[in-house]
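Dropping model09.txt in here (compact mmCIF, C-alpha atoms):
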# COMPACT_ATOMS: atom_id res chain seq x y z
CA MET A 1 4.58 -16.96 20.54
CA VAL A 2 4.12 -13.33 21.57
CA THR A 3 1.71 -12.13 24.22
CA VAL A 4 0.37 -8.68 23.47
CA ALA A 5 -0.89 -6.38 26.17
CA PRO A 6 -4.53 -5.21 25.86
CA ILE A 7 -4.90 -2.19 23.64
CA ALA A 8 -7.52 0.44 24.32
CA GLY A 9 -10.39 0.25 21.89
CA LEU A 10 -9.63 -3.22 20.49
CA ASP A 11 -12.44 -5.75 20.87
CA THR A 12 -10.84 -8.86 22.37
CA SER A 13 -14.04 -10.35 23.77
CA GLN A 14 -13.90 -13.32 21.42
CA ALA A 15 -10.22 -14.06 21.88
CA GLU A 16 -8.10 -15.67 24.57
CA LEU A 17 -4.69 -15.15 23.06
CA PHE A 18 -2.82 -13.30 20.34
CA ARG A 19 -0.52 -15.23 18.06
CA VAL A 20 1.85 -13.22 15.89
CA LYS A 21 3.14 -15.11 12.89
CA SER A 22 5.95 -13.61 10.80
CA ALA A 23 7.04 -14.38 7.24
CA PRO A 24 9.50 -12.68 4.89
CA SER A 25 6.87 -10.35 3.42
CA PHE A 26 4.02 -10.10 5.89
CA ILE A 27 2.88 -10.22 9.49
CA CYS A 28 -0.39 -11.92 10.40
CA ILE A 29 -1.93 -11.36 13.81
CA HIS A 30 -4.38 -14.10 14.67
CA PHE A 31 -7.00 -14.52 17.35
CA LEU A 32 -7.45 -18.09 18.59
CA ARG A 33 -10.74 -19.77 19.46
CA THR A 34 -12.98 -17.20 17.86
CA ALA A 35 -16.16 -18.56 16.33
CA GLN A 36 -16.69 -15.83 13.75
CA TYR A 37 -14.52 -14.38 10.97
CA HIS A 38 -14.94 -10.71 10.10
CA SER A 39 -13.63 -8.80 7.12
CA PRO A 40 -14.67 -5.53 5.49
CA PHE A 41 -16.28 -7.63 2.76
CA ASN A 42 -18.08 -10.51 4.47
CA THR A 43 -18.80 -12.38 7.68
CA PHE A 44 -19.09 -16.13 8.09
CA HIS A 45 -19.14 -18.60 10.96
CA VAL A 46 -16.70 -21.45 11.55
CA PRO A 47 -17.79 -24.46 13.64
CA GLU A 48 -16.23 -24.34 17.09
CA ARG A 49 -14.91 -27.88 16.71
CA LEU A 50 -12.68 -26.76 13.83
CA MET A 51 -11.09 -23.83 15.61
CA SER A 52 -8.27 -25.82 17.24
CA SER A 53 -6.86 -26.64 13.80
CA LEU A 54 -7.97 -23.52 11.94
CA PRO A 55 -6.61 -20.19 13.30
CA GLN A 56 -8.56 -17.26 11.93
CA LYS A 57 -7.30 -13.88 10.83
CA ARG A 58 -8.49 -10.88 12.76
CA LEU A 59 -8.51 -7.88 10.42
CA PHE A 60 -7.69 -4.45 11.81
CA THR A 61 -9.01 -0.99 11.07
CA VAL A 62 -6.74 1.98 10.48
CA ALA A 63 -7.75 3.36 13.90
CA GLU A 64 -6.73 0.11 15.62
CA TYR A 65 -3.51 0.03 13.59
CA TYR A 66 -2.56 3.44 14.98
CA ARG A 67 -3.48 2.41 18.52
CA MET A 68 -1.08 -0.54 18.18
CA ALA A 69 1.66 1.93 17.32
CA GLU A 70 0.74 4.13 20.26
CA ALA A 71 0.87 1.09 22.56
CA GLY A 72 4.30 0.06 21.28
CA VAL A 73 3.14 -3.13 19.58
CA LEU A 74 4.37 -1.62 16.31
CA THR A 75 7.42 0.64 16.17
CA GLN A 76 9.01 2.89 13.55
CA GLN A 77 11.58 0.15 12.91
CA ASP A 78 8.89 -2.31 11.79
CA ARG A 79 8.29 -0.69 8.35
CA VAL A 80 4.79 -2.01 7.87
CA GLU A 81 1.63 -0.95 6.06
CA LEU A 82 -2.02 -1.89 6.45
CA ILE A 83 -3.51 -3.69 3.45
CA GLU A 84 -7.16 -4.78 3.63
CA GLY A 85 -6.96 -5.22 7.39
CA GLU A 86 -3.67 -7.12 7.41
CA ILE A 87 -0.38 -5.72 8.67
CA VAL A 88 2.18 -6.25 5.91
CA ARG A 89 5.93 -5.98 6.35
CA MET A 90 7.56 -3.99 3.55
CA SER A 91 10.75 -5.15 1.87
CA PRO A 92 14.07 -3.40 2.70
CA ILE A 93 15.01 -0.60 0.31
CA GLY A 94 18.26 -1.25 -1.56
CA SER A 95 20.45 1.41 -3.16
CA ARG A 96 19.16 0.67 -6.68
CA HIS A 97 15.57 1.16 -5.50
CA ALA A 98 16.40 4.34 -3.59
CA GLY A 99 18.52 5.84 -6.37
CA ARG A 100 15.90 5.36 -9.06
CA LEU A 101 13.22 6.73 -6.77
CA ASN A 102 15.35 9.86 -6.23
CA ARG A 103 15.92 10.19 -9.98
CA LEU A 104 12.20 9.93 -10.71
CA LEU A 105 11.36 12.43 -7.97
CA ALA A 106 13.74 14.99 -9.50
CA ARG A 107 12.28 14.51 -13.01
CA ILE A 108 8.67 14.85 -11.86
CA ASN A 109 9.37 17.94 -9.75
CA ALA A 110 11.26 19.56 -12.64
CA GLN A 111 8.33 19.11 -15.03
CA LEU A 112 5.35 19.77 -12.78
CA ASN A 113 6.99 22.26 -10.42
CA GLU A 114 4.51 23.68 -7.88
CA GLU A 115 1.32 22.38 -9.49
CA ILE A 116 1.35 19.21 -7.39
CA ILE A 117 2.79 17.66 -4.24
CA VAL A 118 4.95 14.55 -4.54
CA SER A 119 4.72 12.31 -1.47
CA VAL A 120 7.48 9.70 -1.07
CA GLN A 121 6.86 6.54 0.97
CA ASN A 122 4.16 8.18 3.08
CA PRO A 123 0.72 6.87 4.10
CA LEU A 124 -2.22 7.01 1.71
CA ARG A 125 -5.58 6.53 3.43
CA ILE A 126 -7.46 4.21 1.08
CA SER A 127 -10.26 3.07 3.41
CA ASP A 128 -10.97 2.17 7.03
CA PHE A 129 -9.01 -1.07 6.45
CA SER A 130 -6.16 0.02 4.15
CA GLU A 131 -3.37 2.53 4.49
CA PRO A 132 -0.54 1.60 2.09
CA GLU A 133 2.68 3.55 1.80
CA PRO A 134 3.44 3.65 -1.94
CA ASP A 135 6.92 4.54 -3.11
CA MET A 136 5.52 7.72 -4.61
CA ALA A 137 2.14 9.44 -4.85
CA VAL A 138 1.52 12.53 -6.95
CA LEU A 139 -1.11 14.53 -5.10
CA LYS A 140 -3.29 17.53 -5.77
CA TYR A 141 -1.80 20.69 -4.31
CA ARG A 142 -3.05 21.55 -0.83
CA GLU A 143 -1.83 24.52 1.15
CA ASP A 144 -1.16 22.53 4.32
CA TYR A 145 0.89 19.93 2.39
CA TYR A 146 -1.31 17.25 4.02
CA THR A 147 -0.21 18.00 7.56
CA GLU A 148 -3.82 18.03 8.82
CA SER A 149 -4.70 14.63 7.40
CA HIS A 150 -3.26 11.94 5.15
CA PRO A 151 -4.23 12.09 1.48
CA THR A 152 -7.09 9.94 0.22
CA PRO A 153 -7.84 8.54 -3.25
CA GLN A 154 -9.72 11.74 -4.06
CA ASP A 155 -6.48 13.69 -3.53
CA THR A 156 -4.36 11.30 -5.60
CA LEU A 157 -3.48 11.77 -9.28
CA LEU A 158 -0.86 9.06 -9.70
CA VAL A 159 0.66 6.27 -7.60
CA ILE A 160 4.07 4.78 -8.44
CA GLU A 161 5.52 1.55 -7.06
CA LEU A 162 9.12 0.44 -7.68
CA SER A 163 9.34 -3.34 -7.81
CA ASP A 164 12.24 -5.75 -7.71
CA THR A 165 11.42 -8.58 -5.30
CA THR A 166 7.80 -7.38 -4.86
CA LEU A 167 6.62 -7.38 -8.50
CA ALA A 168 4.07 -10.20 -8.17
CA TYR A 169 2.66 -8.73 -4.94
CA ASP A 170 2.38 -5.26 -6.45
CA ARG A 171 0.55 -6.59 -9.51
CA LYS A 172 -1.82 -8.94 -7.69
CA THR A 173 -2.50 -7.00 -4.50
CA LYS A 174 -1.48 -3.34 -4.71
CA VAL A 175 -2.78 -2.55 -8.22
CA PRO A 176 -6.26 -4.05 -7.58
CA LEU A 177 -6.39 -2.19 -4.25
CA TYR A 178 -5.71 1.11 -6.01
CA ALA A 179 -8.24 0.28 -8.74
CA ARG A 180 -10.99 -0.44 -6.21
CA ALA A 181 -10.21 2.89 -4.54
CA GLY A 182 -10.63 4.70 -7.85
CA ILE A 183 -7.06 6.02 -8.09
CA PRO A 184 -6.89 7.15 -11.73
CA GLU A 185 -3.38 6.06 -12.66
CA VAL A 186 -0.72 3.65 -11.35
CA TRP A 187 2.81 2.98 -12.57
CA ILE A 188 4.87 -0.09 -11.70
CA LEU A 189 8.59 0.28 -12.37
CA ASP A 190 10.07 -3.19 -12.83
CA LEU A 191 13.69 -2.71 -11.73
CA ASN A 192 14.70 -6.14 -13.08
CA THR A 193 13.67 -5.55 -16.70
CA ASP A 194 13.68 -1.72 -16.88
CA THR A 195 10.02 -1.84 -17.88
CA ILE A 196 7.23 0.51 -16.80
CA GLU A 197 3.65 -0.76 -16.59
CA VAL A 198 1.00 1.96 -16.70
CA PHE A 199 -2.54 1.26 -15.46
CA ASN A 200 -5.39 3.76 -15.83
CA GLU A 201 -9.15 4.16 -16.23
CA PRO A 202 -10.44 2.31 -13.16
CA VAL A 203 -13.85 0.79 -13.92
CA ARG A 204 -15.76 -1.32 -11.37
CA GLY A 205 -12.62 -2.10 -9.37
CA LYS A 206 -10.32 -2.90 -12.29
CA TYR A 207 -8.11 -0.87 -14.59
CA LYS A 208 -9.46 -0.81 -18.13
CA THR A 209 -6.11 0.08 -19.70
CA ARG A 210 -2.64 -1.40 -19.19
CA LYS A 211 0.39 -0.46 -21.27
CA SER A 212 4.09 -1.38 -21.01
CA PHE A 213 6.99 0.91 -21.89
CA GLN A 214 10.55 -0.21 -22.64
CA ARG A 215 13.85 1.60 -23.05
CA GLY A 216 13.80 3.86 -26.10
CA GLU A 217 10.12 4.77 -25.54
CA THR A 218 8.52 7.88 -24.06
CA LEU A 219 5.81 7.74 -21.43
CA VAL A 220 3.14 10.47 -21.34
CA SER A 221 0.91 10.33 -18.28
CA PRO A 222 -2.79 10.13 -19.22
CA GLN A 223 -3.68 11.85 -15.95
CA LEU A 224 -0.89 14.46 -16.06
CA PRO A 225 -0.36 15.37 -19.74
CA LYS A 226 2.45 17.77 -18.87
CA LEU A 227 4.42 14.82 -17.51
CA HIS A 228 6.34 13.12 -20.31
CA LEU A 229 9.44 11.06 -19.51
CA THR A 230 11.58 8.65 -21.46
CA VAL A 231 12.11 5.25 -19.92
CA ASP A 232 15.86 5.81 -20.25
CA GLU A 233 15.84 8.96 -18.13
CA ILE A 234 13.74 7.23 -15.47
CA PHE A 235 16.04 4.22 -15.15
CA GLY A 236 19.30 6.00 -16.01

Would you encode the structure as structure tokens?
Amino acid sequence: MVTVAPIAGLDTSQAELFRVKSAPSFICIHFLRTAQYHSPFNTFHVPERLMSSLPQKRLFTVAEYYRMAEAGVLTQQDRVELIEGEIVRMSPIGSRHAGRLNRLLARINAQLNEEIIVSVQNPLRISDFSEPEPDMAVLKYREDYYTESHPTPQDTLLVIELSDTTLAYDRKTKVPLYARAGIPEVWILDLNTDTIEVFNEPVRGKYKTRKSFQRGETLVSPQLPKLHLTVDEIFG
């Protein structure tokens, strides 16, 4: 049980206590004894008599997420991201993950040079309730290099996630999130099988096209036709 000090701007009128529940891959912050559940998608009421046995999630906006950091509730050591109002703990980065990310970064920069900006493990402002930190995002060039504001889906050409222990989560949660935001292309690099899954053509919140590439094959980005890489040079 963790008691959290009041945070400026957070509406705690319906709550008496914070409960912070941790798990290997996520953090859920619950309000107790609230009679109404809010999300960016719907609102429904829960009978008061059920509340003692049914803790409800309290989803956070990006603005509230940043105020928690300012108040010290979240620190730089926490390595978290905001996904559809929930604060999610990211997995530790092993040397295999880091090394292949560095290799891919070098290959993309060599081919696309100064036409784009490659952002590595930095925030991407998806909506008022989501700010993931993908392993890599290929962004449209902007003179300020996104110092004035975080990039949005409109700035994003390609998102890349490297997956070892997070493959199921990336497929079921991250990819649909990017599709709903209209991000035109997503790659998932499966570090366990040396396979690359390419998703593109978002239509009504889903990607119309999904292709897999194995060793011995060459990947040409539909969104960035100048970017063509062999699977072998990506994985080494």

Could you state the separation of atom CA of A:Leu157 and atom CA of A:Arg67 in Å, given to one decimal place?
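Result for atom CA of A:Leu157 versus atom CA of A:Arg67: 29.3 Å, one decimal.
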
Rank nothing, just name the residue among A:Pro92, A:Gly72, A:Gly85, A:Pro222 nearest to A:Glu185, using all atoms listed in the file.
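Going through A:Pro92, A:Gly72, A:Gly85, A:Pro222 one by one, the smallest distance to A:Glu185 is for A:Pro222.
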
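Across A:Tyr65, A:Pro123, A:Glu161, A:Lys172, the tightest approach to A:Glu197 is made by A:Glu161 when counting all atoms listed in the file.
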
Give me the residues near A:Tyr169 as a CSV table (one decimal) with C-alpha atoms, in the frame of the given file, where near means some atom within 12 Å (using only C-alpha atoms) and where sequence neighbours in that chain fewer than 4 positions away do not count.
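Full text of result-v2.csv as output:
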chain,number,residue,atom,x,y,z
A,25,SER,CA,6.9,-10.4,3.4
A,26,PHE,CA,4.0,-10.1,5.9
A,83,ILE,CA,-3.5,-3.7,3.4
A,88,VAL,CA,2.2,-6.2,5.9
A,90,MET,CA,7.6,-4.0,3.6
A,91,SER,CA,10.8,-5.2,1.9
A,161,GLU,CA,5.5,1.6,-7.1
A,162,LEU,CA,9.1,0.4,-7.7
A,163,SER,CA,9.3,-3.3,-7.8
A,164,ASP,CA,12.2,-5.8,-7.7
A,165,THR,CA,11.4,-8.6,-5.3
A,173,THR,CA,-2.5,-7.0,-4.5
A,174,LYS,CA,-1.5,-3.3,-4.7
A,175,VAL,CA,-2.8,-2.6,-8.2
A,176,PRO,CA,-6.3,-4.0,-7.6
A,177,LEU,CA,-6.4,-2.2,-4.2
A,188,ILE,CA,4.9,-0.1,-11.7

Do you know which residues are at most 9 Å from A:Gly216 counting only C-alpha atoms, after dropping those on the same chain fewer than 6 positions away, and could you put them as a PyMOL selection string?
chain A and resi 230-232

To one decimal place, how far is atom CA of A:Tyr141 from atom CA of A:Arg204 in Å?
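Between atom CA of A:Tyr141 and atom CA of A:Arg204 the gap works out to 27.0 Å.
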
What's the separation between atom CA of A:Gln77 and atom CA of A:Ala168, in Å to one decimal place?
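About the pair atom CA of A:Gln77 and atom CA of A:Ala168: they are 24.7 Å apart.
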
So, with all atoms listed in the file as the atoms that count, which of A:Lys211, A:Leu158, A:Leu229, A:Asp190 lies closest to A:Ala106?
A:Leu229

So, with only C-alpha atoms as the atoms that count, which of A:Gln111, A:Thr61, A:Gln121, A:Asn102 lies closest to A:Arg79?
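Of all the options, A:Gln121 lies closest to A:Arg79.
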
Ranking A:Val73, A:Leu139, A:Ile87, A:Leu124 by minimum distance to A:Gln223 and counting only C-alpha atoms, which one comes first?
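With only C-alpha atoms as the atom set, the closest residue is A:Leu139.
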
Taking the partial coordinates given, rebuild stretch 155-187 of chain A to contain N, CA and C atoms; return it as a PDB file, keeping the file's coordinate frame.
ATOM      1  N   ASP A 155      -7.587  12.733  -3.430  1.00  0.00           N
ATOM      2  CA  ASP A 155      -6.480  13.690  -3.530  1.00  0.00           C
ATOM      3  C   ASP A 155      -5.384  13.208  -4.486  1.00  0.00           C
ATOM      4  N   THR A 156      -5.480  11.973  -4.944  1.00  0.00           N
ATOM      5  CA  THR A 156      -4.360  11.300  -5.600  1.00  0.00           C
ATOM      6  C   THR A 156      -4.525  11.295  -7.121  1.00  0.00           C
ATOM      7  N   LEU A 157      -3.486  11.757  -7.820  1.00  0.00           N
ATOM      8  CA  LEU A 157      -3.480  11.770  -9.280  1.00  0.00           C
ATOM      9  C   LEU A 157      -2.753  10.565  -9.859  1.00  0.00           C
ATOM     10  N   LEU A 158      -1.708  10.133  -9.183  1.00  0.00           N
ATOM     11  CA  LEU A 158      -0.860   9.060  -9.700  1.00  0.00           C
ATOM     12  C   LEU A 158      -0.158   8.368  -8.536  1.00  0.00           C
ATOM     13  N   VAL A 159      -0.113   7.051  -8.570  1.00  0.00           N
ATOM     14  CA  VAL A 159       0.660   6.270  -7.600  1.00  0.00           C
ATOM     15  C   VAL A 159       1.736   5.508  -8.365  1.00  0.00           C
ATOM     16  N   ILE A 160       2.954   5.472  -7.810  1.00  0.00           N
ATOM     17  CA  ILE A 160       4.070   4.780  -8.440  1.00  0.00           C
ATOM     18  C   ILE A 160       4.687   3.816  -7.442  1.00  0.00           C
ATOM     19  N   GLU A 161       4.852   2.567  -7.864  1.00  0.00           N
ATOM     20  CA  GLU A 161       5.520   1.550  -7.060  1.00  0.00           C
ATOM     21  C   GLU A 161       6.766   1.075  -7.812  1.00  0.00           C
ATOM     22  N   LEU A 162       7.898   0.994  -7.119  1.00  0.00           N
ATOM     23  CA  LEU A 162       9.120   0.440  -7.680  1.00  0.00           C
ATOM     24  C   LEU A 162       9.255  -1.000  -7.206  1.00  0.00           C
ATOM     25  N   SER A 163       9.395  -1.914  -8.142  1.00  0.00           N
ATOM     26  CA  SER A 163       9.340  -3.340  -7.810  1.00  0.00           C
ATOM     27  C   SER A 163      10.596  -4.060  -8.266  1.00  0.00           C
ATOM     28  N   ASP A 164      11.186  -4.798  -7.347  1.00  0.00           N
ATOM     29  CA  ASP A 164      12.240  -5.750  -7.710  1.00  0.00           C
ATOM     30  C   ASP A 164      11.821  -7.114  -7.185  1.00  0.00           C
ATOM     31  N   THR A 165      11.874  -7.314  -5.881  1.00  0.00           N
ATOM     32  CA  THR A 165      11.420  -8.580  -5.300  1.00  0.00           C
ATOM     33  C   THR A 165       9.910  -8.596  -5.062  1.00  0.00           C
ATOM     34  N   THR A 166       9.221  -7.467  -5.210  1.00  0.00           N
ATOM     35  CA  THR A 166       7.800  -7.380  -4.860  1.00  0.00           C
ATOM     36  C   THR A 166       6.892  -7.289  -6.089  1.00  0.00           C
ATOM     37  N   LEU A 167       7.394  -7.601  -7.273  1.00  0.00           N
ATOM     38  CA  LEU A 167       6.620  -7.380  -8.500  1.00  0.00           C
ATOM     39  C   LEU A 167       5.290  -8.131  -8.491  1.00  0.00           C
ATOM     40  N   ALA A 168       5.304  -9.413  -8.159  1.00  0.00           N
ATOM     41  CA  ALA A 168       4.070 -10.200  -8.170  1.00  0.00           C
ATOM     42  C   ALA A 168       3.065  -9.650  -7.156  1.00  0.00           C
ATOM     43  N   TYR A 169       3.548  -9.290  -5.979  1.00  0.00           N
ATOM     44  CA  TYR A 169       2.660  -8.730  -4.940  1.00  0.00           C
ATOM     45  C   TYR A 169       2.061  -7.408  -5.393  1.00  0.00           C
ATOM     46  N   ASP A 170       2.884  -6.549  -5.998  1.00  0.00           N
ATOM     47  CA  ASP A 170       2.380  -5.260  -6.450  1.00  0.00           C
ATOM     48  C   ASP A 170       1.315  -5.420  -7.527  1.00  0.00           C
ATOM     49  N   ARG A 171       1.524  -6.370  -8.442  1.00  0.00           N
ATOM     50  CA  ARG A 171       0.550  -6.590  -9.510  1.00  0.00           C
ATOM     51  C   ARG A 171      -0.753  -7.188  -8.983  1.00  0.00           C
ATOM     52  N   LYS A 172      -0.640  -8.171  -8.102  1.00  0.00           N
ATOM     53  CA  LYS A 172      -1.820  -8.940  -7.690  1.00  0.00           C
ATOM     54  C   LYS A 172      -2.569  -8.321  -6.511  1.00  0.00           C
ATOM     55  N   THR A 173      -1.864  -7.542  -5.698  1.00  0.00           N
ATOM     56  CA  THR A 173      -2.500  -7.000  -4.500  1.00  0.00           C
ATOM     57  C   THR A 173      -2.598  -5.473  -4.533  1.00  0.00           C
ATOM     58  N   LYS A 174      -1.478  -4.803  -4.778  1.00  0.00           N
ATOM     59  CA  LYS A 174      -1.480  -3.340  -4.710  1.00  0.00           C
ATOM     60  C   LYS A 174      -2.303  -2.719  -5.852  1.00  0.00           C
ATOM     61  N   VAL A 175      -2.067  -3.148  -7.096  1.00  0.00           N
ATOM     62  CA  VAL A 175      -2.780  -2.550  -8.220  1.00  0.00           C
ATOM     63  C   VAL A 175      -4.296  -2.725  -8.091  1.00  0.00           C
ATOM     64  N   PRO A 176      -4.809  -3.934  -7.785  1.00  0.00           N
ATOM     65  CA  PRO A 176      -6.260  -4.050  -7.580  1.00  0.00           C
ATOM     66  C   PRO A 176      -6.782  -3.191  -6.428  1.00  0.00           C
ATOM     67  N   LEU A 177      -5.986  -3.054  -5.370  1.00  0.00           N
ATOM     68  CA  LEU A 177      -6.390  -2.190  -4.250  1.00  0.00           C
ATOM     69  C   LEU A 177      -6.575  -0.759  -4.723  1.00  0.00           C
ATOM     70  N   TYR A 178      -5.615  -0.261  -5.500  1.00  0.00           N
ATOM     71  CA  TYR A 178      -5.710   1.110  -6.010  1.00  0.00           C
ATOM     72  C   TYR A 178      -6.874   1.259  -6.989  1.00  0.00           C
ATOM     73  N   ALA A 179      -7.116   0.221  -7.793  1.00  0.00           N
ATOM     74  CA  ALA A 179      -8.240   0.280  -8.740  1.00  0.00           C
ATOM     75  C   ALA A 179      -9.570   0.369  -8.014  1.00  0.00           C
ATOM     76  N   ARG A 180      -9.744  -0.461  -6.972  1.00  0.00           N
ATOM     77  CA  ARG A 180     -10.990  -0.440  -6.210  1.00  0.00           C
ATOM     78  C   ARG A 180     -11.205   0.907  -5.532  1.00  0.00           C
ATOM     79  N   ALA A 181     -10.107   1.576  -5.185  1.00  0.00           N
ATOM     80  CA  ALA A 181     -10.210   2.890  -4.540  1.00  0.00           C
ATOM     81  C   ALA A 181     -10.480   4.003  -5.544  1.00  0.00           C
ATOM     82  N   GLY A 182     -10.366   3.693  -6.834  1.00  0.00           N
ATOM     83  CA  GLY A 182     -10.630   4.700  -7.850  1.00  0.00           C
ATOM     84  C   GLY A 182      -9.453   5.614  -8.154  1.00  0.00           C
ATOM     85  N   ILE A 183      -8.240   5.218  -7.771  1.00  0.00           N
ATOM     86  CA  ILE A 183      -7.060   6.020  -8.090  1.00  0.00           C
ATOM     87  C   ILE A 183      -6.864   5.977  -9.606  1.00  0.00           C
ATOM     88  N   PRO A 184      -6.783   7.134 -10.268  1.00  0.00           N
ATOM     89  CA  PRO A 184      -6.890   7.150 -11.730  1.00  0.00           C
ATOM     90  C   PRO A 184      -5.727   6.556 -12.501  1.00  0.00           C
ATOM     91  N   GLU A 185      -4.540   6.532 -11.896  1.00  0.00           N
ATOM     92  CA  GLU A 185      -3.380   6.060 -12.660  1.00  0.00           C
ATOM     93  C   GLU A 185      -2.337   5.458 -11.714  1.00  0.00           C
ATOM     94  N   VAL A 186      -1.761   4.321 -12.132  1.00  0.00           N
ATOM     95  CA  VAL A 186      -0.720   3.650 -11.350  1.00  0.00           C
ATOM     96  C   VAL A 186       0.408   3.244 -12.296  1.00  0.00           C
ATOM     97  N   TRP A 187       1.647   3.479 -11.853  1.00  0.00           N
ATOM     98  CA  TRP A 187       2.810   2.980 -12.570  1.00  0.00           C
ATOM     99  C   TRP A 187       3.502   1.926 -11.712  1.00  0.00           C
TER     100      TRP A 187
END
